[in-house]
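A.B. asks: The following file, input_5.pdb, comprises PDB, C-alpha atoms:
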```pdb
ATOM      1  CA  MET A   1     -36.479 -44.306  14.266
ATOM      2  CA  VAL A   2     -36.001 -41.181  16.409
ATOM      3  CA  ASN A   3     -32.298 -41.991  16.774
ATOM      4  CA  ASP A   4     -31.993 -42.385  13.021
ATOM      5  CA  ARG A   5     -33.491 -38.938  12.578
ATOM      6  CA  LYS A   6     -31.128 -37.457  15.164
ATOM      7  CA  GLU A   7     -28.213 -39.216  13.533
ATOM      8  CA  PHE A   8     -29.323 -37.925  10.135
ATOM      9  CA  THR A   9     -29.694 -34.398  11.575
ATOM     10  CA  LEU A  10     -26.279 -34.571  13.199
ATOM     11  CA  ARG A  11     -24.695 -35.786   9.972
ATOM     12  CA  ASN A  12     -26.330 -32.897   8.122
ATOM     13  CA  GLU A  13     -24.997 -30.455  10.727
ATOM     14  CA  GLU A  14     -21.578 -32.064  10.475
ATOM     15  CA  GLN A  15     -21.629 -31.755   6.688
ATOM     16  CA  SER A  16     -22.836 -28.133   6.952
ATOM     17  CA  LEU A  17     -20.087 -27.281   9.431
ATOM     18  CA  SER A  18     -17.485 -28.959   7.213
ATOM     19  CA  GLU A  19     -18.686 -26.896   4.257
ATOM     20  CA  GLN A  20     -18.506 -23.709   6.372
ATOM     21  CA  ILE A  21     -14.950 -24.590   7.399
ATOM     22  CA  ALA A  22     -14.000 -25.127   3.750
ATOM     23  CA  MET A  23     -15.620 -21.829   2.776
ATOM     24  CA  LEU A  24     -13.830 -19.936   5.574
ATOM     25  CA  SER A  25     -10.535 -21.539   4.594
ATOM     26  CA  SER A  26     -11.118 -20.372   1.031
ATOM     27  CA  GLU A  27     -11.922 -16.849   2.213
ATOM     28  CA  SER A  28      -8.819 -16.862   4.390
ATOM     29  CA  GLU A  29      -6.664 -17.852   1.412
ATOM     30  CA  SER A  30      -8.299 -15.106  -0.637
ATOM     31  CA  LEU A  31      -7.508 -12.544   2.058
ATOM     32  CA  SER A  32      -3.922 -13.794   2.189
ATOM     33  CA  LEU A  33      -3.607 -13.310  -1.580
ATOM     34  CA  GLN A  34      -5.066  -9.803  -1.290
ATOM     35  CA  THR A  35      -2.600  -9.018   1.479
ATOM     36  CA  GLU A  36       0.296 -10.187  -0.704
ATOM     37  CA  ASP A  37      -1.026  -8.062  -3.555
ATOM     38  CA  LEU A  38      -1.155  -5.025  -1.270
ATOM     39  CA  LYS A  39       2.395  -5.720  -0.111
ATOM     40  CA  GLN A  40       3.522  -5.767  -3.742
ATOM     41  CA  LYS A  41       1.750  -2.471  -4.355
ATOM     42  CA  ILE A  42       3.459  -0.958  -1.304
ATOM     43  CA  ILE A  43       6.834  -2.124  -2.610
ATOM     44  CA  GLN A  44       6.038  -0.652  -6.015
ATOM     45  CA  THR A  45       4.944   2.631  -4.415
ATOM     46  CA  LYS A  46       8.136   2.800  -2.362
ATOM     47  CA  TYR A  47      10.124   2.203  -5.556
ATOM     48  CA  GLN A  48       8.221   5.025  -7.270
ATOM     49  CA  ILE A  49       8.900   7.311  -4.309
ATOM     50  CA  ALA A  50      12.599   6.437  -4.513
ATOM     51  CA  MET A  51      12.570   7.223  -8.238
ATOM     52  CA  ILE A  52      10.868  10.562  -7.521
ATOM     53  CA  ASP A  53      13.549  11.343  -4.930
ATOM     54  CA  ILE A  54      16.263  10.450  -7.460
ATOM     55  CA  CYS A  55      14.641  12.675 -10.089
ATOM     56  CA  ALA A  56      14.324  15.497  -7.574
ATOM     57  CA  ALA A  57      17.994  15.180  -6.659
ATOM     58  CA  SER A  58      18.913  15.146 -10.352
ATOM     59  CA  GLU A  59      16.852  18.255 -11.009
ATOM     60  CA  LYS A  60      18.384  19.979  -7.988
ATOM     61  CA  ALA A  61      21.863  19.152  -9.282
ATOM     62  CA  LYS A  62      20.931  20.563 -12.691
ATOM     63  CA  ILE A  63      19.594  23.724 -11.066
ATOM     64  CA  GLU A  64      22.781  24.142  -9.027
ATOM     65  CA  ASN A  65      24.858  23.565 -12.155
ATOM     66  CA  HIS A  66      22.836  26.165 -14.058
ATOM     67  CA  SER A  67      23.232  28.601 -11.159
ATOM     68  CA  LYS A  68      27.016  28.071 -11.192
ATOM     69  CA  VAL A  69      27.085  28.579 -14.952
ATOM     70  CA  ILE A  70      25.057  31.767 -14.622
ATOM     71  CA  LYS A  71      27.344  33.055 -11.851
ATOM     72  CA  SER A  72      30.419  32.139 -13.887
ATOM     73  CA  ARG A  73      29.087  33.983 -16.903
ATOM     74  CA  LYS A  74      28.269  36.989 -14.761
ATOM     75  CA  GLU A  75      31.826  37.138 -13.447
ATOM     76  CA  SER A  76      33.350  36.875 -16.904
ATOM     77  CA  PHE A  77      30.994  39.544 -18.252
ATOM     78  CA  ASP A  78      31.925  41.808 -15.352
ATOM     79  CA  GLN A  79      35.650  41.343 -16.088
ATOM     80  CA  LEU A  80      35.305  41.835 -19.829
ATOM     81  CA  PHE A  81      33.232  44.936 -19.641
ATOM     82  CA  ALA A  82      34.675  46.631 -16.556
ATOM     83  CA  ASN A  83      36.655  49.113 -18.704
ATOM     84  CA  GLU A  84      33.842  49.702 -21.169
ATOM     85  CA  ILE A  85      30.959  50.394 -18.752
ATOM     86  CA  GLN A  86      30.107  53.777 -20.196
ATOM     87  CA  GLU A  87      30.168  52.626 -23.827
ATOM     88  CA  HIS A  88      28.198  49.454 -23.314
ATOM     89  CA  GLU A  89      25.710  50.470 -20.638
ATOM     90  CA  ALA A  90      22.770  49.801 -22.910
ATOM     91  CA  LYS A  91      24.095  46.318 -23.701
ATOM     92  CA  ASN A  92      24.672  45.600 -20.016
ATOM     93  CA  GLU A  93      21.105  46.652 -19.217
ATOM     94  CA  LYS A  94      19.833  44.163 -21.776
ATOM     95  CA  LEU A  95      22.033  41.467 -20.289
ATOM     96  CA  ARG A  96      20.742  42.249 -16.787
ATOM     97  CA  THR A  97      17.189  42.037 -18.045
ATOM     98  CA  LYS A  98      17.861  38.694 -19.723
ATOM     99  CA  ARG A  99      19.608  37.398 -16.628
ATOM    100  CA  ALA A 100      16.717  38.497 -14.438
ATOM    101  CA  GLU A 101      14.262  36.748 -16.757
ATOM    102  CA  ALA A 102      16.383  33.602 -16.785
ATOM    103  CA  GLU A 103      16.642  33.673 -12.999
ATOM    104  CA  GLU A 104      12.907  34.296 -12.684
ATOM    105  CA  GLU A 105      12.288  31.407 -15.070
ATOM    106  CA  GLN A 106      14.679  29.298 -13.032
ATOM    107  CA  ARG A 107      12.883  30.268  -9.805
ATOM    108  CA  LYS A 108       9.548  29.376 -11.389
ATOM    109  CA  LYS A 109      10.945  26.011 -12.433
ATOM    110  CA  GLU A 110      12.323  25.405  -8.950
ATOM    111  CA  ALA A 111       9.008  26.387  -7.364
ATOM    112  CA  ASN A 112       7.173  24.115  -9.802
ATOM    113  CA  ILE A 113       9.506  21.199  -9.035
ATOM    114  CA  LEU A 114       9.124  21.768  -5.289
ATOM    115  CA  GLU A 115       5.359  21.913  -5.664
ATOM    116  CA  ARG A 116       5.323  18.653  -7.655
ATOM    117  CA  ASN A 117       7.592  17.012  -5.084
ATOM    118  CA  GLU A 118       5.283  18.095  -2.267
ATOM    119  CA  MET A 119       2.272  16.701  -4.130
ATOM    120  CA  LYS A 120       4.050  13.409  -4.727
ATOM    121  CA  THR A 121       5.075  13.261  -1.083
ATOM    122  CA  LYS A 122       1.502  13.894   0.021
ATOM    123  CA  GLU A 123       0.276  11.193  -2.343
ATOM    124  CA  ALA A 124       2.875   8.780  -1.000
ATOM    125  CA  VAL A 125       1.871   9.550   2.582
ATOM    126  CA  ALA A 126      -1.796   9.045   1.698
ATOM    127  CA  ILE A 127      -0.979   5.708   0.062
ATOM    128  CA  GLU A 128       1.047   4.624   3.094
ATOM    129  CA  GLU A 129      -1.804   5.591   5.423
ATOM    130  CA  GLU A 130      -4.259   3.691   3.254
ATOM    131  CA  CYS A 131      -1.959   0.661   3.288
ATOM    132  CA  LEU A 132      -1.742   0.824   7.078
ATOM    133  CA  ALA A 133      -5.525   0.992   7.327
ATOM    134  CA  ILE A 134      -5.854  -1.995   5.001
ATOM    135  CA  GLU A 135      -3.268  -3.933   7.007
ATOM    136  CA  LYS A 136      -5.207  -3.189  10.214
ATOM    137  CA  GLU A 137      -8.428  -4.310   8.554
ATOM    138  CA  CYS A 138      -6.746  -7.509   7.348
ATOM    139  CA  SER A 139      -5.476  -8.149  10.854
ATOM    140  CA  VAL A 140      -9.001  -7.761  12.258
ATOM    141  CA  LEU A 141     -10.381 -10.094   9.597
ATOM    142  CA  VAL A 142      -7.724 -12.704  10.301
ATOM    143  CA  LYS A 143      -8.514 -12.570  14.032
ATOM    144  CA  ARG A 144     -12.242 -12.837  13.293
ATOM    145  CA  ASN A 145     -11.640 -15.811  11.005
ATOM    146  CA  LYS A 146      -9.568 -17.532  13.677
ATOM    147  CA  ALA A 147     -12.328 -17.027  16.242
ATOM    148  CA  ILE A 148     -14.923 -18.429  13.828
ATOM    149  CA  MET A 149     -12.692 -21.401  13.064
ATOM    150  CA  ILE A 150     -12.346 -22.135  16.788
ATOM    151  CA  GLN A 151     -16.118 -21.944  17.264
ATOM    152  CA  LEU A 152     -16.696 -24.240  14.305
ATOM    153  CA  ARG A 153     -14.159 -26.743  15.597
ATOM    154  CA  ARG A 154     -15.883 -26.764  18.989
ATOM    155  CA  LYS A 155     -19.268 -27.308  17.370
ATOM    156  CA  LEU A 156     -17.828 -30.082  15.215
ATOM    157  CA  VAL A 157     -16.316 -31.781  18.263
ATOM    158  CA  GLU A 158     -19.623 -31.441  20.144
ATOM    159  CA  ALA A 159     -21.553 -32.845  17.183
ATOM    160  CA  GLU A 160     -19.108 -35.731  16.953
ATOM    161  CA  ASP A 161     -19.506 -36.442  20.689
ATOM    162  CA  VAL A 162     -23.316 -36.416  20.371
ATOM    163  CA  ARG A 163     -23.106 -38.731  17.359
ATOM    164  CA  ARG A 164     -20.881 -41.177  19.236
ATOM    165  CA  LYS A 165     -23.211 -41.159  22.235
ATOM    166  CA  LEU A 166     -26.179 -41.825  19.961
ATOM    167  CA  ILE A 167     -24.357 -44.668  18.222
ATOM    168  CA  LYS A 168     -23.426 -46.208  21.604
ATOM    169  CA  LYS A 169     -26.986 -45.754  22.809
ATOM    170  CA  LYS A 170     -28.304 -47.379  19.644
ATOM    171  CA  GLU A 171     -25.840 -50.284  20.007
ATOM    172  CA  ASN A 172     -26.812 -50.702  23.656
ATOM    173  CA  THR A 173     -30.506 -50.675  22.739
ATOM    174  CA  ILE A 174     -29.925 -53.276  20.010
ATOM    175  CA  THR A 175     -27.861 -55.412  22.427
ATOM    176  CA  ASP A 176     -30.538 -55.123  25.131
ATOM    177  CA  ASN A 177     -33.309 -56.096  22.699
ATOM    178  CA  LYS A 178     -31.558 -59.341  21.767
TER
END
```
Write out the structure in this file as structure tokens.
C.D. replies:
Amino acid sequence: MVNDRKEFTLRNEEQSLSEQIAMLSSESESLSLQTEDLKQKIIQTKYQIAMIDICAASEKAKIENHSKVIKSRKESFDQLFANEIQEHEAKNEKLRTKRAEAEEEQRKKEANILERNEMKTKEAVAIEEECLAIEKECSVLVKRNKAIMIQLRRKLVEAEDVRRKLIKKKENTITDNK
């Protein structure tokens, strides 16, 4: 009767340990899926960063092109009006004022673009740091899960050994009683 109880208890422990193993396996799969999701987000973020870099390069090229156009116009204005400086001084002053405003506007745009690029870079760095922290945390969780799985396997093996010994003992007792 006592052996039956022990056997029943051991079977319950075995079933409980099997359920824990199944639950840990499920959690491990869930963590793996989360890790894959994070990897996809990192890839997407890197793509976005690349697109930002492309846009920045495009904007820089536009700015350089505008600067060349402005310089070209300045040279042609200088050539056209070199002989008429005295007559058109008022017009030239207006042109200088407009050019200065356009250049100031251009500088403001450049500063704004640089500021946005710096913000995006900081955001990208923050995202990369967060991803690294998450990867470290996942690594710790995977190691912890492995350790738990090893402990559970040991307990399962021990429970199985105890169950076998009890069964042999019970068989020996039954054989001795006959």
A.B. asks: Got a sec: who's within 10 Å of region 58-74 of chain A, counting all atoms listed in the file, leaving out chain neighbours fewer than 2 positions off, as a list of chain:residue names?
C.D. replies: A:Ile52, A:Asp53, A:Ile54, A:Cys55, A:Ala56, A:Ser76, A:Phe77, A:Asp78, A:Gln79, A:Leu80, A:Leu95, A:Arg96, A:Arg99, A:Ala102, A:Glu103, A:Gln106, A:Arg107, A:Lys109, A:Glu110, A:Ile113, A:Leu114
A.B. asks: Between A:Lys170, A:Ala133, A:Tyr47, A:Lys98, which one has atoms that come closest to Met1 (chain A), using all atoms listed in the file?
C.D. replies: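 Going through A:Lys170, A:Ala133, A:Tyr47, A:Lys98 one by one, the smallest distance to Met1 (chain A) is for A:Lys170.
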A.B. asks: I'd like the residues picked by the PyMOL selection byres ((chain A and resi 138) around 12) written out as a PyMOL selection string, using the chain letters and numbers from the file.
C.D. replies: chain A and resi 27-36+38-39+131-137+139-145
A.B. asks: Set the distance at 10 Å and use all atoms listed in the file: which residues neighbour Ser18 (chain A) once local chain neighbours fewer than 6 positions away are removed? I'd like the list as a list in words.
C.D. replies: Asn12, Leu24, Leu152, Arg153 and Leu156 of chain A
A.B. asks: When the PyMOL selection byres ((chain A and resi 163) around 10) is applied to the structure above, which residues does it catch, written out as a list in words?
C.D. replies: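 Applying the PyMOL selection byres ((chain A and resi 163) around 10) to the structure shown produces Asn3, Lys6, Glu7, Phe8, Thr9, Leu10, Arg11, Glu14, Val157, Glu158, Ala159, Glu160, Asp161, Val162, Arg164, Lys165, Leu166, Ile167, Lys168 and Lys169 of chain A.
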A.B. asks: Could you dump the residues just selected with C-alpha atoms as an mmCIF file, in the coordinates of the input?
C.D. replies:
```
data_model
loop_
_atom_site.group_PDB
_atom_site.id
_atom_site.type_symbol
_atom_site.label_atom_id
_atom_site.label_comp_id
_atom_site.auth_asym_id
_atom_site.auth_seq_id
_atom_site.Cartn_x
_atom_site.Cartn_y
_atom_site.Cartn_z
ATOM 1 C CA ASN A 3 -32.298 -41.991 16.774
ATOM 2 C CA LYS A 6 -31.128 -37.457 15.164
ATOM 3 C CA GLU A 7 -28.213 -39.216 13.533
ATOM 4 C CA PHE A 8 -29.323 -37.925 10.135
ATOM 5 C CA THR A 9 -29.694 -34.398 11.575
ATOM 6 C CA LEU A 10 -26.279 -34.571 13.199
ATOM 7 C CA ARG A 11 -24.695 -35.786 9.972
ATOM 8 C CA GLU A 14 -21.578 -32.064 10.475
ATOM 9 C CA VAL A 157 -16.316 -31.781 18.263
ATOM 10 C CA GLU A 158 -19.623 -31.441 20.144
ATOM 11 C CA ALA A 159 -21.553 -32.845 17.183
ATOM 12 C CA GLU A 160 -19.108 -35.731 16.953
ATOM 13 C CA ASP A 161 -19.506 -36.442 20.689
ATOM 14 C CA VAL A 162 -23.316 -36.416 20.371
ATOM 15 C CA ARG A 164 -20.881 -41.177 19.236
ATOM 16 C CA LYS A 165 -23.211 -41.159 22.235
ATOM 17 C CA LEU A 166 -26.179 -41.825 19.961
ATOM 18 C CA ILE A 167 -24.357 -44.668 18.222
ATOM 19 C CA LYS A 168 -23.426 -46.208 21.604
ATOM 20 C CA LYS A 169 -26.986 -45.754 22.809
#
```
A.B. asks: Pick out the closest residue to Val125 (chain A) from this set: A:Ala90, A:Ala57, A:Ile49, A:Ala147. Count all atoms listed in the file.
C.D. replies: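 Between A:Ala90, A:Ala57, A:Ile49, A:Ala147, the residue approaching Val125 (chain A) most closely is A:Ile49.
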A.B. asks: Here is a test: counting only C-alpha atoms, which residue of A:Glu130, A:Asp4, A:Lys155, A:Lys146 is nearest to Lys41 (chain A)?
C.D. replies: A:Glu130
A.B. asks: Within 9 Å of (4.8, 11.5, -10.0) (coordinates as in the file), grab all the protein and nucleic acid residues, counting only C-alpha atoms, and write them out as number ranges by chain.
C.D. replies: A: 48-49, 52, 116-117, 119-120, 123
A.B. asks: Could you work out how far CA of Ile21 (chain A) lies from CA of Val2 (chain A), giving the answer in Å with one decimal?
C.D. replies: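 Taking CA of Val2 (chain A) and CA of Ile21 (chain A), their separation equals 28.3 Å.
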A.B. asks: Report, in Å with one decimal, the straight-line distance from CA of Ile42 (chain A) to CA of Asn112 (chain A).
C.D. replies: 26.7 Å
